[in-house]
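S.K.: Compact mmCIF, C-alpha atoms, file work_34.txt:
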```
# COMPACT_ATOMS: atom_id res chain seq x y z
CA MET A 1 62.00 9.81 25.69
CA ASN A 2 59.73 6.93 26.58
CA GLN A 3 57.20 6.09 23.89
CA GLU A 4 54.11 4.23 24.96
CA ILE A 5 52.13 2.18 22.54
CA PHE A 6 48.39 2.54 22.87
CA ILE A 7 46.22 -0.33 21.81
CA ASN A 8 42.69 0.38 20.77
CA LYS A 9 40.98 -2.53 22.52
CA ALA A 10 37.64 -1.78 20.88
CA LYS A 11 39.21 -2.06 17.43
CA ALA A 12 41.23 -5.12 18.43
CA SER A 13 38.06 -6.90 19.62
CA GLY A 14 36.92 -7.40 16.03
CA ILE A 15 33.43 -6.14 16.84
CA ILE A 16 31.67 -4.31 14.03
CA ALA A 17 28.75 -1.95 14.51
CA LEU A 18 25.39 -1.80 12.81
CA ASP A 19 23.90 1.68 13.11
CA LEU A 20 20.14 1.71 12.54
CA LEU A 21 20.39 5.36 11.46
CA ASP A 22 22.08 4.13 8.29
CA TYR A 23 18.75 2.59 7.28
CA LYS A 24 16.52 5.53 8.18
CA PRO A 25 14.51 6.62 5.13
CA THR A 26 15.30 10.02 3.68
CA THR A 27 11.96 10.37 1.89
CA GLU A 28 9.92 13.33 3.09
CA ILE A 29 6.73 12.18 4.80
CA VAL A 30 3.62 14.36 4.83
CA GLU A 31 0.06 13.90 5.98
CA LEU A 32 -3.08 14.50 3.96
CA ASP A 33 -6.06 15.15 6.24
CA ILE A 34 -9.34 14.02 4.69
CA LYS A 35 -11.21 16.31 7.09
CA ASP A 36 -10.36 19.25 4.85
CA HIS A 37 -12.46 17.70 2.06
CA LEU A 38 -15.55 16.76 4.10
CA PHE A 39 -18.80 18.64 4.42
CA MET A 40 -18.62 20.44 7.79
CA GLY A 41 -15.43 18.45 8.41
CA MET A 42 -17.53 15.40 9.26
CA ILE A 43 -19.59 14.10 6.34
CA VAL A 44 -18.61 12.58 3.00
CA LYS A 45 -20.98 13.95 0.42
CA GLU A 46 -19.91 12.21 -2.78
CA LYS A 47 -20.30 15.10 -5.22
CA ASP A 48 -18.71 17.68 -2.87
CA PHE A 49 -15.90 15.30 -1.93
CA LYS A 50 -15.05 14.53 -5.55
CA GLU A 51 -15.09 18.23 -6.46
CA SER A 52 -12.88 19.08 -3.51
CA ILE A 53 -10.38 16.35 -4.43
CA ALA A 54 -10.42 17.40 -8.10
CA ALA A 55 -9.37 20.92 -7.05
CA VAL A 56 -6.22 19.69 -5.26
CA ASP A 57 -2.83 20.02 -6.95
CA PHE A 58 -1.47 16.58 -6.15
CA SER A 59 1.91 17.40 -7.70
CA VAL A 60 2.86 18.88 -4.30
CA TYR A 61 3.17 15.24 -3.15
CA ASN A 62 5.79 14.44 -5.80
CA ASP A 63 8.50 12.10 -4.46
CA LYS A 64 6.98 12.11 -0.96
CA ALA A 65 5.46 9.48 1.28
CA VAL A 66 1.89 10.41 2.12
CA GLY A 67 0.00 9.44 5.23
CA ILE A 68 -3.74 9.73 4.80
CA ILE A 69 -5.41 10.65 8.08
CA CYS A 70 -8.76 11.99 9.25
CA SER A 71 -8.43 14.22 12.29
CA THR A 72 -12.17 14.07 12.97
CA ASP A 73 -14.32 11.15 13.94
CA ALA A 74 -15.90 10.87 10.50
CA ILE A 75 -16.85 7.62 8.82
CA ILE A 76 -15.01 7.47 5.51
CA PRO A 77 -16.23 5.03 2.85
CA PRO A 78 -13.59 2.86 1.17
CA TRP A 79 -14.17 4.42 -2.27
CA ALA A 80 -12.91 7.75 -0.90
CA TYR A 81 -9.53 6.18 -0.09
CA MET A 82 -9.46 4.59 -3.53
CA LEU A 83 -10.10 7.99 -5.12
CA LEU A 84 -7.26 9.54 -3.13
CA MET A 85 -4.90 6.74 -4.16
CA GLU A 86 -5.83 7.21 -7.80
CA LYS A 87 -4.91 10.90 -7.52
CA LEU A 88 -1.74 10.35 -5.48
CA SER A 89 -0.26 7.38 -7.36
CA PRO A 90 1.37 9.39 -10.17
CA TYR A 91 3.27 11.48 -7.61
CA ALA A 92 3.76 9.89 -4.19
CA VAL A 93 6.42 7.22 -3.66
CA HIS A 94 4.42 5.66 -0.83
CA VAL A 95 0.84 6.09 0.37
CA ASP A 96 -0.65 4.58 3.49
CA LEU A 97 -3.60 5.08 5.78
CA ASN A 98 -1.50 6.12 8.75
CA ASN A 99 0.18 9.08 10.41
CA ALA A 100 3.68 10.27 9.50
CA GLU A 101 5.34 8.65 12.52
CA ALA A 102 3.90 5.21 11.73
CA ILE A 103 4.86 5.55 8.08
CA LEU A 104 8.43 6.48 9.01
CA LEU A 105 8.69 3.34 11.15
CA ASP A 106 7.17 1.19 8.38
CA LEU A 107 9.57 2.52 5.73
CA TRP A 108 12.52 2.21 8.11
CA LYS A 109 11.67 -1.41 8.86
CA ARG A 110 11.24 -2.10 5.15
CA ARG A 111 14.70 -0.65 4.35
CA LEU A 112 16.26 -2.74 7.11
CA THR A 113 14.42 -5.89 6.01
CA TYR A 114 15.65 -5.58 2.42
CA ALA A 115 19.18 -4.44 3.32
CA ASP A 116 22.12 -6.57 2.28
CA LEU A 117 23.46 -7.75 5.64
CA LYS A 118 25.85 -10.37 4.25
CA CYS A 119 28.82 -8.32 5.47
CA TYR A 120 27.83 -9.28 9.04
CA LYS A 121 28.01 -13.03 8.38
CA ASN A 122 30.10 -14.82 11.04
CA GLN A 123 31.02 -11.50 12.64
CA LYS A 124 30.73 -10.11 16.15
CA VAL A 125 28.11 -7.39 15.70
CA VAL A 126 26.87 -4.68 18.03
CA VAL A 127 23.65 -2.86 17.19
CA ARG A 128 24.32 0.70 18.26
CA ALA A 129 22.14 2.10 21.02
CA GLN A 130 20.25 5.26 20.11
CA ALA A 131 17.81 7.03 22.39
CA GLY A 132 14.43 7.46 20.77
CA HIS A 133 14.59 4.59 18.30
CA ASP A 134 11.42 2.52 18.25
CA PRO A 135 12.04 -0.87 19.93
CA ALA A 136 10.51 -2.54 16.85
CA LEU A 137 13.69 -1.64 14.96
CA TYR A 138 15.86 -3.50 17.49
CA LEU A 139 13.48 -6.45 17.41
CA LEU A 140 13.71 -6.62 13.63
CA ALA A 141 17.51 -6.18 13.63
CA ALA A 142 17.92 -9.04 16.11
CA GLY A 143 15.72 -11.29 13.99
CA LEU A 144 17.62 -10.48 10.82
CA LEU A 145 21.10 -10.74 12.33
CA LYS A 146 20.80 -13.81 14.56
CA PRO A 147 20.99 -16.34 11.70
CA LEU A 148 24.05 -14.56 10.29
CA VAL A 149 26.31 -13.45 13.11
CA LYS A 150 28.74 -15.19 15.43
CA SER A 151 27.64 -12.95 18.29
CA LEU A 152 25.03 -10.23 18.62
CA MET A 153 25.35 -7.34 21.02
CA TYR A 154 23.62 -4.07 21.89
CA GLY A 155 25.19 -0.75 22.89
CA GLU A 156 28.60 0.45 21.82
CA ILE A 157 31.71 -1.41 20.68
CA GLY A 158 33.63 -0.50 23.84
CA LEU A 159 30.96 -1.70 26.26
CA PRO A 160 28.40 -3.92 24.56
CA LYS A 161 25.63 -5.94 26.19
CA VAL A 162 25.81 -9.50 24.85
CA ILE A 163 22.50 -10.74 23.46
CA PHE A 164 23.56 -13.91 21.69
CA LYS A 165 26.74 -15.97 21.17
CA GLN A 166 27.17 -19.04 18.97
```
Could you render the structure from this file as structure tokens?
M.R.:
Amino acid sequence: MNQEIFINKAKASGIIALDLLDYKPTTEIVELDIKDHLFMGMIVKEKDFKESIAAVDFSVYNDKAVGIICSTDAIIPPWAYMLLMEKLSPYAVHVDLNNAEAILLDLWKRRLTYADLKCYKNQKVVVRAQAGHDPALYLLAAGLLKPLVKSLMYGEIGLPKVIFKQ
């Protein structure tokens, strides 16, 4: 019987992959809509606002990232945001004045920025292609990896698109 030896060319190439999904935050992200605490959904009346906020059980935001939004076109004074932060700070792991999608991207970029990427030093690295990832993640990955790697690619190990070679 004739035995053929198969060589995995992708493995033999020495290319290693960086998968951005490995840095995706796992923290649950929720939105808190200020509109629910406004008079007629549009006006900040200090006494009513403070009473409405005091009635909220902020423990439901425990270990979550909270995006503070206002789904109406109301003008919110800065002290109202400060009051919300004071109430959320014992519980939430992250609070920002943004929607959940923007907060996810911000946290994802933060995790990637602070990741230990030393294992990619002087390596041939491909950043895996994923449909739906925000291009800002690829921009950040390229900026972080370029000073470290021997070559930077995009796509998959078997058929990468070369971005940079030393």
S.K.: Rank nothing, just name the residue among A:Leu145, A:Leu137, A:Val126, A:Leu112 nearest to Ile157 (chain A), using only C-alpha atoms.
M.R.: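 Selected residue with least distance to Ile157 (chain A): A:Val126.
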S.K.: Counting all atoms listed in the file, what is within 7 Å of region 65-75 of chain A, bar same-chain residues fewer than 3 positions away, as a short mmCIF file (atom, residue, chain, number, x, y, z; two decimals) with C-alpha atoms, keeping the file's coordinate frame?
M.R.:
```cif
data_model
loop_
_atom_site.label_atom_id
_atom_site.label_comp_id
_atom_site.auth_asym_id
_atom_site.auth_seq_id
_atom_site.Cartn_x
_atom_site.Cartn_y
_atom_site.Cartn_z
CA THR A 27 11.96 10.37 1.89
CA GLU A 28 9.92 13.33 3.09
CA ILE A 29 6.73 12.18 4.80
CA VAL A 30 3.62 14.36 4.83
CA GLU A 31 0.06 13.90 5.98
CA LEU A 32 -3.08 14.50 3.96
CA ASP A 33 -6.06 15.15 6.24
CA ILE A 34 -9.34 14.02 4.69
CA LYS A 35 -11.21 16.31 7.09
CA MET A 42 -17.53 15.40 9.26
CA ILE A 43 -19.59 14.10 6.34
CA ALA A 92 3.76 9.89 -4.19
CA VAL A 93 6.42 7.22 -3.66
CA HIS A 94 4.42 5.66 -0.83
CA VAL A 95 0.84 6.09 0.37
CA ASP A 96 -0.65 4.58 3.49
CA LEU A 97 -3.60 5.08 5.78
CA ASN A 98 -1.50 6.12 8.75
CA ASN A 99 0.18 9.08 10.41
CA ALA A 100 3.68 10.27 9.50
CA ILE A 103 4.86 5.55 8.08
#
```
S.K.: So how far away is CA of Asp36 (chain A) from CA of Val56 (chain A), in Å?
M.R.: 10.9 Å
S.K.: Counting all atoms listed in the file, figure out which residue out of A:Phe164, A:Tyr91, A:Tyr120, A:Tyr114 gets nearest to Leu140 (chain A).
M.R.: A:Tyr114
S.K.: Just checking: using only C-alpha atoms, which residue out of A:Val162, A:Lys109, A:Phe49, A:Val44 ends up closest to Gly143 (chain A)?
M.R.: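 Nearest candidate to Gly143 (chain A) out of A:Val162, A:Lys109, A:Phe49, A:Val44: A:Lys109.
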